[in-house]
file start_21.cif (mmCIF, C-alpha atoms)
data_upload
loop_
_atom_site.group_PDB
_atom_site.id
_atom_site.type_symbol
_atom_site.label_atom_id
_atom_site.label_comp_id
_atom_site.auth_asym_id
_atom_site.auth_seq_id
_atom_site.Cartn_x
_atom_site.Cartn_y
_atom_site.Cartn_z
ATOM 1 C CA MET A 1 0.000 0.000 0.000
ATOM 2 C CA ASN A 2 1.722 3.199 -1.188
ATOM 3 C CA SER A 3 1.638 6.718 0.239
ATOM 4 C CA HIS A 4 -0.711 7.968 -2.467
ATOM 5 C CA GLU A 5 -3.337 5.384 -1.529
ATOM 6 C CA ILE A 6 -2.928 6.149 2.181
ATOM 7 C CA GLY A 7 -3.269 9.894 1.624
ATOM 8 C CA ARG A 8 -6.299 9.393 -0.597
ATOM 9 C CA GLY A 9 -7.855 7.007 1.900
ATOM 10 C CA ILE A 10 -7.349 9.447 4.779
ATOM 11 C CA GLY A 11 -8.932 12.251 2.762
ATOM 12 C CA LEU A 12 -11.927 10.107 1.817
ATOM 13 C CA SER A 13 -12.396 8.962 5.424
ATOM 14 C CA VAL A 14 -12.395 12.528 6.767
ATOM 15 C CA LEU A 15 -14.765 13.669 3.993
ATOM 16 C CA ALA A 16 -17.148 10.825 4.815
ATOM 17 C CA SER A 17 -17.057 11.674 8.529
ATOM 18 C CA ALA A 18 -17.930 15.317 7.838
ATOM 19 C CA LEU A 19 -20.800 14.372 5.522
ATOM 20 C CA PHE A 20 -22.209 11.791 7.965
ATOM 21 C CA ALA A 21 -22.229 14.444 10.692
ATOM 22 C CA LEU A 22 -23.995 16.810 8.291
ATOM 23 C CA LEU A 23 -26.597 14.123 7.541
ATOM 24 C CA SER A 24 -27.356 13.800 11.252
ATOM 25 C CA GLY A 25 -28.400 17.448 11.401
ATOM 26 C CA TYR A 26 -29.989 17.367 7.934
ATOM 27 C CA THR A 27 -32.760 15.127 9.277
ATOM 28 C CA ARG A 28 -34.223 18.121 11.127
ATOM 29 C CA LEU A 29 -35.176 19.575 7.762
ATOM 30 C CA LEU A 30 -37.189 16.469 6.870
ATOM 31 C CA ALA A 31 -39.810 16.750 9.614
ATOM 32 C CA PRO A 32 -42.467 15.363 9.990
ATOM 33 C CA LEU A 33 -40.945 12.233 8.397
ATOM 34 C CA ASP A 34 -39.857 9.641 10.967
ATOM 35 C CA GLY A 35 -36.609 7.671 10.917
ATOM 36 C CA SER A 36 -38.054 4.740 8.957
ATOM 37 C CA ASP A 37 -39.526 6.986 6.248
ATOM 38 C CA ILE A 38 -36.248 8.877 5.901
ATOM 39 C CA PHE A 39 -34.348 5.586 5.682
ATOM 40 C CA ALA A 40 -36.629 4.258 2.936
ATOM 41 C CA TRP A 41 -36.459 7.440 0.858
ATOM 42 C CA ARG A 42 -32.713 7.585 1.406
ATOM 43 C CA ILE A 43 -32.198 4.058 0.047
ATOM 44 C CA LEU A 44 -34.389 4.635 -3.029
ATOM 45 C CA GLY A 45 -32.915 8.045 -3.759
ATOM 46 C CA THR A 46 -29.349 6.825 -3.337
ATOM 47 C CA VAL A 47 -30.037 3.923 -5.712
ATOM 48 C CA LEU A 48 -31.179 6.367 -8.394
ATOM 49 C CA VAL A 49 -28.189 8.668 -7.865
ATOM 50 C CA ALA A 50 -25.765 5.737 -7.926
ATOM 51 C CA LEU A 51 -27.266 4.246 -11.099
ATOM 52 C CA ALA A 52 -27.175 7.649 -12.781
ATOM 53 C CA LEU A 53 -23.501 8.037 -11.846
ATOM 54 C CA ILE A 54 -22.626 4.588 -13.190
ATOM 55 C CA ALA A 55 -24.523 5.233 -16.424
ATOM 56 C CA TRP A 56 -22.779 8.605 -16.837
ATOM 57 C CA ARG A 57 -19.414 6.878 -16.402
ATOM 58 C CA GLY A 58 -20.362 4.203 -18.915
ATOM 59 C CA GLN A 59 -19.916 1.457 -16.306
ATOM 60 C CA LEU A 60 -23.235 -0.375 -16.625
ATOM 61 C CA GLY A 61 -21.317 -3.353 -17.997
ATOM 62 C CA LEU A 62 -19.219 -3.466 -14.816
ATOM 63 C CA LEU A 63 -22.404 -3.380 -12.747
ATOM 64 C CA ARG A 64 -23.849 -6.327 -14.682
ATOM 65 C CA GLN A 65 -20.585 -8.192 -14.149
ATOM 66 C CA ALA A 66 -20.710 -7.447 -10.399
ATOM 67 C CA LEU A 67 -24.301 -8.708 -10.256
ATOM 68 C CA ARG A 68 -23.333 -11.940 -11.996
ATOM 69 C CA GLN A 69 -20.412 -12.514 -9.631
ATOM 70 C CA LEU A 70 -22.351 -11.732 -6.459
ATOM 71 C CA LEU A 71 -25.415 -13.741 -7.482
ATOM 72 C CA GLY A 72 -23.545 -16.512 -9.261
ATOM 73 C CA THR A 73 -23.365 -18.958 -6.356
ATOM 74 C CA PRO A 74 -25.518 -19.605 -3.264
ATOM 75 C CA SER A 75 -22.604 -18.757 -0.966
ATOM 76 C CA ARG A 76 -22.115 -15.365 -2.613
ATOM 77 C CA CYS A 77 -25.860 -14.698 -2.490
ATOM 78 C CA LEU A 78 -25.826 -15.355 1.251
ATOM 79 C CA LEU A 79 -22.794 -13.098 1.587
ATOM 80 C CA LEU A 80 -24.601 -10.313 -0.255
ATOM 81 C CA VAL A 81 -27.745 -10.727 1.863
ATOM 82 C CA ALA A 82 -25.701 -10.564 5.072
ATOM 83 C CA MET A 83 -23.815 -7.448 3.936
ATOM 84 C CA ALA A 84 -26.985 -5.688 2.761
ATOM 85 C CA ALA A 85 -28.787 -6.539 6.003
ATOM 86 C CA ILE A 86 -25.994 -5.143 8.172
ATOM 87 C CA LEU A 87 -25.636 -2.006 6.045
ATOM 88 C CA GLY A 88 -29.392 -1.425 5.943
ATOM 89 C CA PHE A 89 -29.796 -1.799 9.703
ATOM 90 C CA GLN A 90 -26.913 0.572 10.412
ATOM 91 C CA GLN A 91 -28.285 3.209 8.035
ATOM 92 C CA TRP A 92 -31.742 2.932 9.607
ATOM 93 C CA LEU A 93 -30.305 3.170 13.144
ATOM 94 C CA PHE A 94 -28.275 6.270 12.243
ATOM 95 C CA LEU A 95 -31.393 8.106 11.052
ATOM 96 C CA TRP A 96 -33.659 6.704 13.771
ATOM 97 C CA GLY A 97 -31.330 7.997 16.484
ATOM 98 C CA SER A 98 -31.184 11.458 14.926
ATOM 99 C CA VAL A 99 -34.976 11.949 14.969
ATOM 100 C CA ASN A 100 -35.727 10.191 18.276
ATOM 101 C CA GLY A 101 -33.396 11.970 20.677
ATOM 102 C CA ARG A 102 -30.874 9.090 20.697
ATOM 103 C CA ALA A 103 -28.138 10.743 18.609
ATOM 104 C CA LEU A 104 -25.659 10.833 21.501
ATOM 105 C CA GLU A 105 -26.177 7.111 22.157
ATOM 106 C CA VAL A 106 -25.588 6.360 18.478
ATOM 107 C CA SER A 107 -22.539 8.653 18.457
ATOM 108 C CA LEU A 108 -21.115 6.729 21.428
ATOM 109 C CA GLY A 109 -21.406 3.595 19.304
ATOM 110 C CA TYR A 110 -19.317 5.330 16.661
ATOM 111 C CA PHE A 111 -16.811 6.182 19.397
ATOM 112 C CA LEU A 112 -16.553 2.474 20.231
ATOM 113 C CA LEU A 113 -16.483 1.333 16.607
ATOM 114 C CA PRO A 114 -12.879 2.438 15.916
ATOM 115 C CA LEU A 115 -11.710 0.362 18.874
ATOM 116 C CA SER A 116 -13.527 -2.627 17.411
ATOM 117 C CA MET A 117 -11.907 -1.990 14.037
ATOM 118 C CA VAL A 118 -8.447 -1.612 15.591
ATOM 119 C CA LEU A 119 -8.896 -4.956 17.361
ATOM 120 C CA VAL A 120 -9.974 -6.548 14.083
ATOM 121 C CA GLY A 121 -6.909 -5.115 12.352
ATOM 122 C CA ARG A 122 -4.565 -6.244 15.104
ATOM 123 C CA PHE A 123 -5.853 -9.736 15.816
ATOM 124 C CA TYR A 124 -7.671 -10.747 12.607
ATOM 125 C CA TYR A 125 -5.370 -9.163 10.002
ATOM 126 C CA GLY A 126 -2.175 -9.111 12.110
ATOM 127 C CA GLU A 127 -1.527 -5.366 11.621
ATOM 128 C CA ARG A 128 1.027 -3.633 13.844
ATOM 129 C CA MET A 129 0.537 -0.270 15.563
ATOM 130 C CA ASP A 130 3.191 2.400 16.101
ATOM 131 C CA LEU A 131 3.507 4.538 19.249
ATOM 132 C CA LEU A 132 1.031 7.244 18.200
ATOM 133 C CA GLN A 133 -1.588 4.640 17.308
ATOM 134 C CA ARG A 134 -1.116 2.890 20.634
ATOM 135 C CA LEU A 135 -1.477 6.165 22.525
ATOM 136 C CA ALA A 136 -4.619 6.977 20.533
ATOM 137 C CA VAL A 137 -6.121 3.600 21.376
ATOM 138 C CA LEU A 138 -5.132 3.998 25.043
ATOM 139 C CA CYS A 139 -6.863 7.395 25.258
ATOM 140 C CA ALA A 140 -9.964 5.966 23.614
ATOM 141 C CA CYS A 141 -9.966 3.071 26.082
ATOM 142 C CA VAL A 142 -9.864 5.544 28.971
ATOM 143 C CA GLY A 143 -12.930 7.316 27.598
ATOM 144 C CA VAL A 144 -14.785 4.063 27.010
ATOM 145 C CA ALA A 145 -13.899 2.781 30.501
ATOM 146 C CA HIS A 146 -15.224 6.004 32.027
ATOM 147 C CA GLU A 147 -18.516 5.646 30.170
ATOM 148 C CA LEU A 148 -18.864 2.048 31.312
ATOM 149 C CA TRP A 149 -18.139 3.102 34.908
ATOM 150 C CA MET A 150 -20.733 5.899 34.722
ATOM 151 C CA THR A 151 -23.556 3.930 33.097
ATOM 152 C CA ARG A 152 -22.636 0.351 34.146
ATOM 153 C CA ALA A 153 -23.850 -0.641 30.670
ATOM 154 C CA PHE A 154 -24.137 0.574 27.103
ATOM 155 C CA SER A 155 -27.501 1.147 25.463
ATOM 156 C CA TRP A 156 -28.537 -1.125 22.618
ATOM 157 C CA PRO A 157 -27.994 1.547 19.903
ATOM 158 C CA THR A 158 -24.436 2.000 21.149
ATOM 159 C CA LEU A 159 -23.673 -1.722 21.107
ATOM 160 C CA ALA A 160 -25.417 -2.217 17.756
ATOM 161 C CA VAL A 161 -23.098 0.286 16.070
ATOM 162 C CA ALA A 162 -19.916 -0.831 17.844
ATOM 163 C CA LEU A 163 -20.395 -4.551 17.185
ATOM 164 C CA GLY A 164 -22.360 -4.451 13.927
ATOM 165 C CA TYR A 165 -19.936 -2.841 11.494
ATOM 166 C CA PRO A 166 -16.742 -4.968 11.929
ATOM 167 C CA PRO A 167 -18.326 -8.152 10.496
ATOM 168 C CA TYR A 168 -19.582 -6.090 7.557
ATOM 169 C CA PHE A 169 -16.103 -4.848 6.668
ATOM 170 C CA ILE A 170 -14.590 -8.309 7.113
ATOM 171 C CA LEU A 171 -17.147 -9.704 4.656
ATOM 172 C CA ARG A 172 -16.568 -6.821 2.256
ATOM 173 C CA GLN A 173 -12.810 -7.390 2.197
ATOM 174 C CA ARG A 174 -13.418 -10.893 0.843
ATOM 175 C CA ILE A 175 -14.994 -9.574 -2.357
ATOM 176 C CA ARG A 176 -12.514 -8.489 -5.020
ATOM 177 C CA LEU A 177 -14.781 -6.031 -6.808
ATOM 178 C CA ASP A 178 -14.931 -2.271 -7.229
ATOM 179 C CA SER A 179 -16.214 -0.662 -4.024
ATOM 180 C CA LEU A 180 -18.872 1.395 -5.826
ATOM 181 C CA MET A 181 -20.237 -1.657 -7.645
ATOM 182 C CA ILE A 182 -20.567 -3.635 -4.418
ATOM 183 C CA PHE A 183 -22.316 -0.678 -2.807
ATOM 184 C CA VAL A 184 -24.828 -0.332 -5.640
ATOM 185 C CA VAL A 185 -25.643 -4.060 -5.555
ATOM 186 C CA GLU A 186 -26.223 -3.777 -1.795
ATOM 187 C CA LEU A 187 -28.571 -0.845 -2.374
ATOM 188 C CA LEU A 188 -30.469 -2.779 -5.036
ATOM 189 C CA ALA A 189 -30.905 -5.611 -2.521
ATOM 190 C CA LEU A 190 -32.321 -3.105 0.012
ATOM 191 C CA ALA A 191 -34.627 -1.341 -2.470
ATOM 192 C CA PRO A 192 -37.531 -3.866 -2.177
ATOM 193 C CA LEU A 193 -37.486 -3.423 1.618
ATOM 194 C CA ALA A 194 -37.573 0.368 1.201
ATOM 195 C CA LEU A 195 -40.542 0.098 -1.177
ATOM 196 C CA LEU A 196 -42.327 -2.202 1.274
ATOM 197 C CA MET A 197 -41.782 0.247 4.134
ATOM 198 C CA LEU A 198 -43.188 3.122 2.100
ATOM 199 C CA GLY A 199 -46.061 0.969 0.836
ATOM 200 C CA THR A 200 -47.254 0.227 4.371
ATOM 201 C CA ASP A 201 -47.288 3.950 5.217
ATOM 202 C CA GLY A 202 -50.275 5.531 3.515
ATOM 203 C CA SER A 203 -48.944 9.086 3.899
ATOM 204 C CA ALA A 204 -45.388 8.404 2.698
ATOM 205 C CA TRP A 205 -46.044 9.006 -1.011
ATOM 206 C CA ALA A 206 -47.790 12.300 -0.235
ATOM 207 C CA THR A 207 -44.301 13.604 0.519
ATOM 208 C CA LEU A 208 -43.625 13.805 -3.219
ATOM 209 C CA GLN A 209 -46.430 16.346 -3.649
ATOM 210 C CA THR A 210 -44.366 18.991 -1.855
ATOM 211 C CA PRO A 211 -41.645 20.411 -4.162
ATOM 212 C CA SER A 212 -39.473 21.572 -1.268
ATOM 213 C CA MET A 213 -39.541 18.105 0.293
ATOM 214 C CA VAL A 214 -38.625 16.515 -3.031
ATOM 215 C CA LEU A 215 -35.575 18.785 -3.217
ATOM 216 C CA LEU A 216 -34.631 17.956 0.374
ATOM 217 C CA LEU A 217 -34.907 14.234 -0.316
ATOM 218 C CA ALA A 218 -32.774 14.658 -3.431
ATOM 219 C CA GLY A 219 -30.169 16.424 -1.287
ATOM 220 C CA LEU A 220 -30.334 13.586 1.233
ATOM 221 C CA SER A 221 -29.713 11.038 -1.522
ATOM 222 C CA LEU A 222 -26.770 12.948 -2.961
ATOM 223 C CA LEU A 223 -25.135 13.461 0.446
ATOM 224 C CA SER A 224 -25.664 9.796 1.294
ATOM 225 C CA MET A 225 -24.149 8.656 -1.975
ATOM 226 C CA VAL A 226 -20.989 10.732 -1.598
ATOM 227 C CA ALA A 227 -20.598 9.947 2.116
ATOM 228 C CA LEU A 228 -21.079 6.193 1.845
ATOM 229 C CA THR A 229 -18.973 5.696 -1.276
ATOM 230 C CA SER A 230 -16.157 7.772 0.252
ATOM 231 C CA TYR A 231 -16.336 5.773 3.470
ATOM 232 C CA LEU A 232 -16.405 2.385 1.767
ATOM 233 C CA ARG A 233 -13.642 3.331 -0.650
ATOM 234 C CA ALA A 234 -11.480 4.469 2.280
ATOM 235 C CA SER A 235 -11.994 1.057 3.899
ATOM 236 C CA LYS A 236 -10.413 -0.504 0.800
ATOM 237 C CA LEU A 237 -7.441 1.902 0.635
ATOM 238 C CA LEU A 238 -6.385 1.959 4.299
ATOM 239 C CA PRO A 239 -5.070 -0.662 6.714
ATOM 240 C CA MET A 240 -7.933 -1.748 8.979
ATOM 241 C CA GLY A 241 -6.272 -0.314 12.098
ATOM 242 C CA LEU A 242 -5.741 3.162 10.638
ATOM 243 C CA PHE A 243 -9.198 3.120 9.060
ATOM 244 C CA GLY A 244 -10.632 2.293 12.457
ATOM 245 C CA ILE A 245 -8.811 5.029 14.352
ATOM 246 C CA LEU A 246 -9.809 7.614 11.739
ATOM 247 C CA GLY A 247 -13.374 6.690 12.613
ATOM 248 C CA TYR A 248 -13.036 8.913 15.692
ATOM 249 C CA VAL A 249 -13.431 11.993 13.509
ATOM 250 C CA GLU A 250 -17.095 11.204 12.835
ATOM 251 C CA PRO A 251 -18.372 10.802 16.425
ATOM 252 C CA VAL A 252 -16.632 14.009 17.484
ATOM 253 C CA LEU A 253 -18.523 15.826 14.735
ATOM 254 C CA LEU A 254 -21.736 13.930 15.601
ATOM 255 C CA VAL A 255 -21.560 15.135 19.192
ATOM 256 C CA LEU A 256 -21.156 18.726 17.981
ATOM 257 C CA VAL A 257 -24.165 18.311 15.672
ATOM 258 C CA ALA A 258 -26.230 16.645 18.416
ATOM 259 C CA MET A 259 -25.586 19.580 20.738
ATOM 260 C CA GLY A 260 -25.576 22.454 18.252
ATOM 261 C CA VAL A 261 -28.342 21.365 15.869
ATOM 262 C CA LEU A 262 -30.434 18.636 17.479
ATOM 263 C CA GLY A 263 -30.638 20.329 20.880
ATOM 264 C CA GLU A 264 -29.163 17.500 22.947
ATOM 265 C CA THR A 265 -26.916 18.329 25.914
ATOM 266 C CA LEU A 266 -23.543 17.026 27.042
ATOM 267 C CA GLN A 267 -23.350 16.710 30.825
ATOM 268 C CA SER A 268 -20.154 17.683 32.659
ATOM 269 C CA SER A 269 -19.823 14.090 33.877
ATOM 270 C CA GLN A 270 -19.598 12.960 30.244
ATOM 271 C CA LEU A 271 -16.408 14.953 29.672
ATOM 272 C CA GLY A 272 -14.529 12.052 31.225
ATOM 273 C CA THR A 273 -15.737 10.001 28.268
ATOM 274 C CA TYR A 274 -15.374 12.471 25.434
ATOM 275 C CA ALA A 275 -12.221 14.421 26.399
ATOM 276 C CA PRO A 276 -9.888 11.382 26.166
ATOM 277 C CA ILE A 277 -11.505 10.388 22.881
ATOM 278 C CA TRP A 278 -11.033 13.890 21.472
ATOM 279 C CA LEU A 279 -7.369 13.560 22.469
ATOM 280 C CA SER A 280 -7.338 10.249 20.606
ATOM 281 C CA VAL A 281 -8.570 12.065 17.492
ATOM 282 C CA ALA A 282 -5.717 14.586 17.809
ATOM 283 C CA LEU A 283 -3.157 11.773 18.094
ATOM 284 C CA THR A 284 -4.704 10.048 15.089
ATOM 285 C CA ALA A 285 -4.385 13.265 13.078
ATOM 286 C CA ALA A 286 -0.710 13.477 14.031
ATOM 287 C CA HIS A 287 -0.219 9.852 12.993
ATOM 288 C CA SER A 288 -1.920 10.497 9.642
ATOM 289 C CA VAL A 289 0.319 13.502 8.936
ATOM 290 C CA LYS A 290 3.341 11.379 9.818
ATOM 291 C CA LEU A 291 2.278 8.675 7.355
ATOM 292 C CA MET A 292 1.790 11.143 4.519
ATOM 293 C CA ARG A 293 5.099 12.923 5.142
ATOM 294 C CA ARG A 294 7.191 9.749 5.425
ATOM 295 C CA PRO A 295 7.635 9.191 1.644
ATOM 296 C CA VAL A 296 8.623 12.840 1.191
ATOM 297 C CA ALA A 297 11.326 12.509 3.795
ATOM 298 C CA GLN A 298 12.553 9.268 2.223
ATOM 299 C CA SER A 299 12.743 10.823 -1.249
ATOM 300 C CA MET A 300 14.967 13.631 0.089
ATOM 301 C CA ASN A 301 17.562 11.176 1.454
#

call {"tool": "encode", "arguments": {"input": "start_21.cif", "output": "structure tokens"}}
result
Amino acid sequence: MNSHEIGRGIGLSVLASALFALLSGYTRLLAPLDGSDIFAWRILGTVLVALALIAWRGQLGLLRQALRQLLGTPSRCLLLVAMAAILGFQQWLFLWGSVNGRALEVSLGYFLLPLSMVLVGRFYYGERMDLLQRLAVLCACVGVAHELWMTRAFSWPTLAVALGYPPYFILRQRIRLDSLMIFVVELLALAPLALLMLGTDGSAWATLQTPSMVLLLAGLSLLSMVALTSYLRASKLLPMGLFGILGYVEPVLLVLVAMGVLGETLQSSQLGTYAPIWLSVALTAAHSVKLMRRPVAQSMN
């Protein structure tokens, strides 16, 4: 893995984190839609945006090839179903938390997720960590331990995020296909569920009669497309450990959105959780800069 791929992966990961945080606050504009309605419209809209992008690039043949490979054997079909189910649940939970006053609980899950990813990288893929990475993980562990001491348990949205994504990325790494193509096939697998959810809600289709809401839903689809493809592409370009630690950027931004846009509050007792994790983000940033500068220094010798 060369420095160009690492730098590109870091940039895509940070971009995805910023857009995911923006999506959390964007849901306020979609009232009175609930989390399930927003999820369904998001899936359908993102499918249309993704297909339009692939057609514009002239890559429909690659999409057909990806469909044949993923649906060619029963084992691959099961793999696709498992990946789509995990991705769909996580996308629904993200939106559900934003509109039901549970954004901080979901954001805590995203704080825990990088630790899960680092453990996967270390023990499943055998990746090594340098000093800055170890310090970042240590700081994150301090924050997580404080939260566990304060609450004596994690809520189910927190655990669902922290434990749900690692299996998804492990499964995804096994498929040697373009990241965008895999993503589009996953969306196509989720589209019937989205249509079913909207079909059982008699008022859902009335949303399309409001031009402003149509534009907002189009914006949601576009943001989702860019955020998810950037995130999934970064997972392919970066070592699992670094990809995991960079995940701390998103929950920091989610907390800011939850407090500044969604009206949730951060208690002083919670600083023992978030302050060490914010320090972990700073150490991760320093590690990322170090990685990107290393080839420059080597070329000057």

call {"tool": "atom_distance", "arguments": {"input": "start_21.cif", "atom1": "CA of Tyr168 (chain A)", "atom2": "CA of Arg134 (chain A)"}}
result
24.3 Å

call {"tool": "resolve_selection", "arguments": {"input": "start_21.cif", "expression": "the PyMOL selection byres ((chain A and resi 139) around 7)", "output": "PyMOL selection string"}}
result
chain A and resi 135-138+140-143+276-277+279-280

call {"tool": "atom_distance", "arguments": {"input": "start_21.cif", "atom1": "CA of Leu216 (chain A)", "atom2": "CA of Asp37 (chain A)"}}
result
13.4 Å

call {"tool": "residues_around", "arguments": {"input": "start_21.cif", "residues": "Leu108 (chain A)", "least_positions_apart": "2", "cutoff": "9 Å", "atoms": "only C-alpha atoms", "output": "list of chain:residue names"}}
result
A:Ala103, A:Leu104, A:Glu105, A:Val106, A:Tyr110, A:Phe111, A:Leu112, A:Leu113, A:Val144, A:Phe154, A:Pro157, A:Thr158, A:Leu159, A:Val161, A:Ala162, A:Pro251, A:Val255

call {"tool": "atom_distance", "arguments": {"input": "start_21.cif", "atom1": "CA of Arg8 (chain A)", "atom2": "CA of Leu238 (chain A)"}}
result
8.9 Å

call {"tool": "resolve_selection", "arguments": {"input": "start_21.cif", "expression": "the PyMOL selection byres ((chain A and resi 80) around 9)", "output": "count of residues only"}}
result
17

call {"tool": "resolve_selection", "arguments": {"input": "start_21.cif", "expression": "the PyMOL selection byres ((chain A and resi 53) around 12)", "output": "count of residues only"}}
result
22

call {"tool": "closest_residue", "arguments": {"input": "start_21.cif", "among": "A:Phe243, A:Tyr231, A:Tyr274, A:Phe169", "to": "Leu19 (chain A)", "atoms": "only C-alpha atoms"}}
result
A:Tyr231

call {"tool": "closest_residue", "arguments": {"input": "start_21.cif", "among": "A:Trp156, A:Thr210, A:Leu188, A:Leu220", "to": "Ile38 (chain A)", "atoms": "all atoms listed in the file"}}
result
A:Leu220

call {"tool": "residues_around", "arguments": {"input": "start_21.cif", "residues": "Leu228 (chain A)", "least_positions_apart": "6", "cutoff": "9 Å", "atoms": "only C-alpha atoms", "output": "list in words"}}
result
Ala16, Leu19, Phe20 and Phe183 of chain A

call {"tool": "write_last_selection", "arguments": {"input": "start_21.cif", "atoms": "C-alpha atoms", "output": "PDB file, in the coordinates of the input"}}
result
ATOM      1  CA  ALA A  16     -17.148  10.825   4.815  1.00  0.00           C
ATOM      2  CA  LEU A  19     -20.800  14.372   5.522  1.00  0.00           C
ATOM      3  CA  PHE A  20     -22.209  11.791   7.965  1.00  0.00           C
ATOM      4  CA  PHE A 183     -22.316  -0.678  -2.807  1.00  0.00           C
TER       5      PHE A 183
END

call {"tool": "closest_residue", "arguments": {"input": "start_21.cif", "among": "A:Val249, A:Val281, A:Val257, A:Ala66", "to": "Ile175 (chain A)", "atoms": "all atoms listed in the file"}}
result
A:Ala66

call {"tool": "build_atoms", "arguments": {"input": "start_21.cif", "residues": "region 273-279 of chain A", "atoms": "all heavy atoms", "output": "PDB file, keeping the file's coordinate frame"}}
result
ATOM      1  N   THR A 273     -15.638  10.914  29.412  1.00  0.00           N
ATOM      2  CA  THR A 273     -15.737  10.001  28.268  1.00  0.00           C
ATOM      3  C   THR A 273     -15.202  10.647  27.003  1.00  0.00           C
ATOM      4  O   THR A 273     -14.368  10.082  26.286  1.00  0.00           O
ATOM      5  CB  THR A 273     -17.199   9.579  28.037  1.00  0.00           C
ATOM      6  OG1 THR A 273     -17.663   8.866  29.181  1.00  0.00           O
ATOM      7  CG2 THR A 273     -17.311   8.694  26.803  1.00  0.00           C
ATOM      8  N   TYR A 274     -15.654  11.868  26.726  1.00  0.00           N
ATOM      9  CA  TYR A 274     -15.374  12.471  25.434  1.00  0.00           C
ATOM     10  C   TYR A 274     -14.005  13.147  25.346  1.00  0.00           C
ATOM     11  O   TYR A 274     -13.378  13.143  24.287  1.00  0.00           O
ATOM     12  CB  TYR A 274     -16.479  13.470  25.083  1.00  0.00           C
ATOM     13  CG  TYR A 274     -17.794  12.784  24.789  1.00  0.00           C
ATOM     14  CD1 TYR A 274     -18.847  12.835  25.688  1.00  0.00           C
ATOM     15  CD2 TYR A 274     -17.959  12.056  23.623  1.00  0.00           C
ATOM     16  CE1 TYR A 274     -20.045  12.186  25.421  1.00  0.00           C
ATOM     17  CE2 TYR A 274     -19.149  11.406  23.347  1.00  0.00           C
ATOM     18  CZ  TYR A 274     -20.186  11.475  24.255  1.00  0.00           C
ATOM     19  OH  TYR A 274     -21.366  10.825  23.990  1.00  0.00           O
ATOM     20  N   ALA A 275     -13.523  13.736  26.450  1.00  0.00           N
ATOM     21  CA  ALA A 275     -12.221  14.421  26.399  1.00  0.00           C
ATOM     22  C   ALA A 275     -11.084  13.477  26.005  1.00  0.00           C
ATOM     23  O   ALA A 275     -10.280  13.813  25.120  1.00  0.00           O
ATOM     24  CB  ALA A 275     -11.935  15.105  27.736  1.00  0.00           C
ATOM     25  N   PRO A 276     -10.963  12.284  26.617  1.00  0.00           N
ATOM     26  CA  PRO A 276      -9.888  11.382  26.166  1.00  0.00           C
ATOM     27  C   PRO A 276     -10.050  10.950  24.717  1.00  0.00           C
ATOM     28  O   PRO A 276      -9.051  10.752  24.007  1.00  0.00           O
ATOM     29  CB  PRO A 276     -10.033  10.175  27.117  1.00  0.00           C
ATOM     30  CG  PRO A 276     -10.748  10.693  28.304  1.00  0.00           C
ATOM     31  CD  PRO A 276     -11.679  11.731  27.776  1.00  0.00           C
ATOM     32  N   ILE A 277     -11.295  10.812  24.264  1.00  0.00           N
ATOM     33  CA  ILE A 277     -11.505  10.388  22.881  1.00  0.00           C
ATOM     34  C   ILE A 277     -11.166  11.526  21.925  1.00  0.00           C
ATOM     35  O   ILE A 277     -10.620  11.296  20.839  1.00  0.00           O
ATOM     36  CB  ILE A 277     -12.946   9.890  22.693  1.00  0.00           C
ATOM     37  CG1 ILE A 277     -13.126   8.586  23.479  1.00  0.00           C
ATOM     38  CG2 ILE A 277     -13.258   9.643  21.227  1.00  0.00           C
ATOM     39  CD1 ILE A 277     -14.514   8.006  23.446  1.00  0.00           C
ATOM     40  N   TRP A 278     -11.456  12.766  22.312  1.00  0.00           N
ATOM     41  CA  TRP A 278     -11.033  13.890  21.472  1.00  0.00           C
ATOM     42  C   TRP A 278      -9.503  13.946  21.379  1.00  0.00           C
ATOM     43  O   TRP A 278      -8.955  14.270  20.331  1.00  0.00           O
ATOM     44  CB  TRP A 278     -11.588  15.199  22.035  1.00  0.00           C
ATOM     45  CG  TRP A 278     -13.064  15.342  21.845  1.00  0.00           C
ATOM     46  CD1 TRP A 278     -13.833  14.789  20.860  1.00  0.00           C
ATOM     47  CD2 TRP A 278     -13.973  16.065  22.671  1.00  0.00           C
ATOM     48  NE1 TRP A 278     -15.160  15.122  21.037  1.00  0.00           N
ATOM     49  CE2 TRP A 278     -15.277  15.908  22.126  1.00  0.00           C
ATOM     50  CE3 TRP A 278     -13.833  16.830  23.831  1.00  0.00           C
ATOM     51  CZ2 TRP A 278     -16.405  16.484  22.685  1.00  0.00           C
ATOM     52  CZ3 TRP A 278     -14.966  17.417  24.391  1.00  0.00           C
ATOM     53  CH2 TRP A 278     -16.234  17.240  23.819  1.00  0.00           C
ATOM     54  N   LEU A 279      -8.829  13.627  22.502  1.00  0.00           N
ATOM     55  CA  LEU A 279      -7.369  13.560  22.469  1.00  0.00           C
ATOM     56  C   LEU A 279      -6.914  12.451  21.526  1.00  0.00           C
ATOM     57  O   LEU A 279      -5.927  12.602  20.803  1.00  0.00           O
ATOM     58  CB  LEU A 279      -6.825  13.325  23.879  1.00  0.00           C
ATOM     59  CG  LEU A 279      -5.297  13.185  24.013  1.00  0.00           C
ATOM     60  CD1 LEU A 279      -4.592  14.410  23.454  1.00  0.00           C
ATOM     61  CD2 LEU A 279      -4.911  12.945  25.469  1.00  0.00           C
TER      62      LEU A 279
END
